[in-house]
Amino acid sequence: MRIYEAAVNALGIAGAPVKLGDIYRIIIENDFYHFGSKTPLSALRVTLDRHCSNKNISQMHKDRFFYKHADGEYELLIKHRDKSNSNYEIKEPSPEEILSDSCAKLIFDLAAQ
């Protein structure tokens with residue numbers, strides 16, 4: 001299993017957008033992945049950001065699974081969510097919300113991260 005696959009599983013278990021530390025904790029508790037890095041949270045963060053639909057860093061991955069909120073929480077994109085989990089808290093903004101003026105501050109905050 002790859003790091004991003006472990007993160008997909010962890011977010012599926014969380015059932016809601018969560019912070020990086022919570023994703024890491026779920027991955028470790030469920031033995032989804034063994035990090036060889038001396039800085040596992042950094043490795044996880046970079047991997048998640050490379051697979052985010054709303055991030056733009058130099059080495060993005062073509063497959064996108066996550067959305068990162070301005071508050072630092074990550075969530076699964078709708079197409080990757082477990083449909084049987086009806087308690088999933090949806091925070092990903094709709095295309096209409098993204099185009100609205102009220103979303104501009106959040107977009108600028110995200111871009112600054």
# chains A, B, ... in the order shown; residues from 1 in each chain; ligands from 1

$ residues_around --residues "Leu41 of chain A" --least-positions-apart "2" --cutoff "8 Å" --atoms "only C-alpha atoms" --output "compact mmCIF listing (two decimals) with N, CA and C atoms, in the first residue's frame"
# COMPACT_ATOMS: atom_id res chain seq x y z
N LEU A 20 -3.92 16.67 9.73
CA LEU A 20 -2.85 15.76 9.35
C LEU A 20 -2.51 14.77 10.46
N GLY A 21 -2.39 15.25 11.69
CA GLY A 21 -2.04 14.38 12.81
C GLY A 21 -3.05 13.27 13.04
N TYR A 24 -2.54 10.63 10.32
CA TYR A 24 -1.36 9.84 10.68
C TYR A 24 -1.70 8.82 11.77
N THR A 39 10.83 11.92 9.47
CA THR A 39 9.79 12.94 9.62
C THR A 39 8.51 12.46 8.92
N ALA A 43 6.37 13.72 5.42
CA ALA A 43 6.19 12.84 4.26
C ALA A 43 4.72 12.68 3.92
N LEU A 44 3.89 12.53 4.95
CA LEU A 44 2.45 12.40 4.74
C LEU A 44 1.87 13.69 4.17
N ARG A 45 2.26 14.84 4.73
CA ARG A 45 1.73 16.13 4.26
C ARG A 45 2.08 16.37 2.80

$ closest_atom_pairs --of "segment 31-65 of chain A" --to "segment 4-14 of chain A" --cutoff "8 Å" --atoms "only C-alpha atoms" --output "Markdown table"
| residue | atom | partner | partner_atom | distance |
| --- | --- | --- | --- | --- |
| A:Phe32 | CA | A:Ala6 | CA | 5.3 |
| A:Tyr33 | CA | A:Ala6 | CA | 6.2 |
| A:Leu44 | CA | A:Tyr4 | CA | 7.9 |
| A:Thr47 | CA | A:Tyr4 | CA | 6.4 |
| A:Leu48 | CA | A:Tyr4 | CA | 6.5 |
| A:His51 | CA | A:Tyr4 | CA | 7.6 |
| A:Phe65 | CA | A:Val8 | CA | 7.4 |

$ closest_residue --among "A:Arg25, A:Arg2, A:Lys38, A:Lys19" --to "Tyr67 of chain A" --atoms "only C-alpha atoms"
A:Lys19

$ atom_distance --atom1 "atom CA of Asp31 of chain A" --atom2 "atom CA of Asn54 of chain A"
28.2 Å

$ residues_around --residues "Met60 of chain A" --least-positions-apart "4" --cutoff "10 Å" --atoms "only C-alpha atoms" --output "list in words"
Val46, Thr47, Leu48, Asp49, Arg50, His51, Cys52, Ser53, Lys55, Asn56 and Arg64 of chain A

$ write_last_selection --atoms "C-alpha atoms" --output "compact mmCIF listing (two decimals), in the first residue's frame"
# COMPACT_ATOMS: atom_id res chain seq x y z
CA VAL A 46 3.74 16.34 1.03
CA THR A 47 2.05 13.21 -0.32
CA LEU A 48 -1.42 14.50 0.55
CA ASP A 49 -0.69 17.90 -0.99
CA ARG A 50 0.59 16.27 -4.20
CA HIS A 51 -2.78 14.49 -4.47
CA CYS A 52 -4.99 17.51 -3.60
CA SER A 53 -7.39 18.91 -6.15
CA LYS A 55 -3.11 22.60 -4.44
CA ASN A 56 -0.54 23.61 -7.01
CA ARG A 64 -6.27 13.63 -7.09

$ residues_around --residues "Pro17 of chain A" --least-positions-apart "4" --cutoff "6 Å" --atoms "only C-alpha atoms" --output "PyMOL selection string"
chain A and resi 73-75
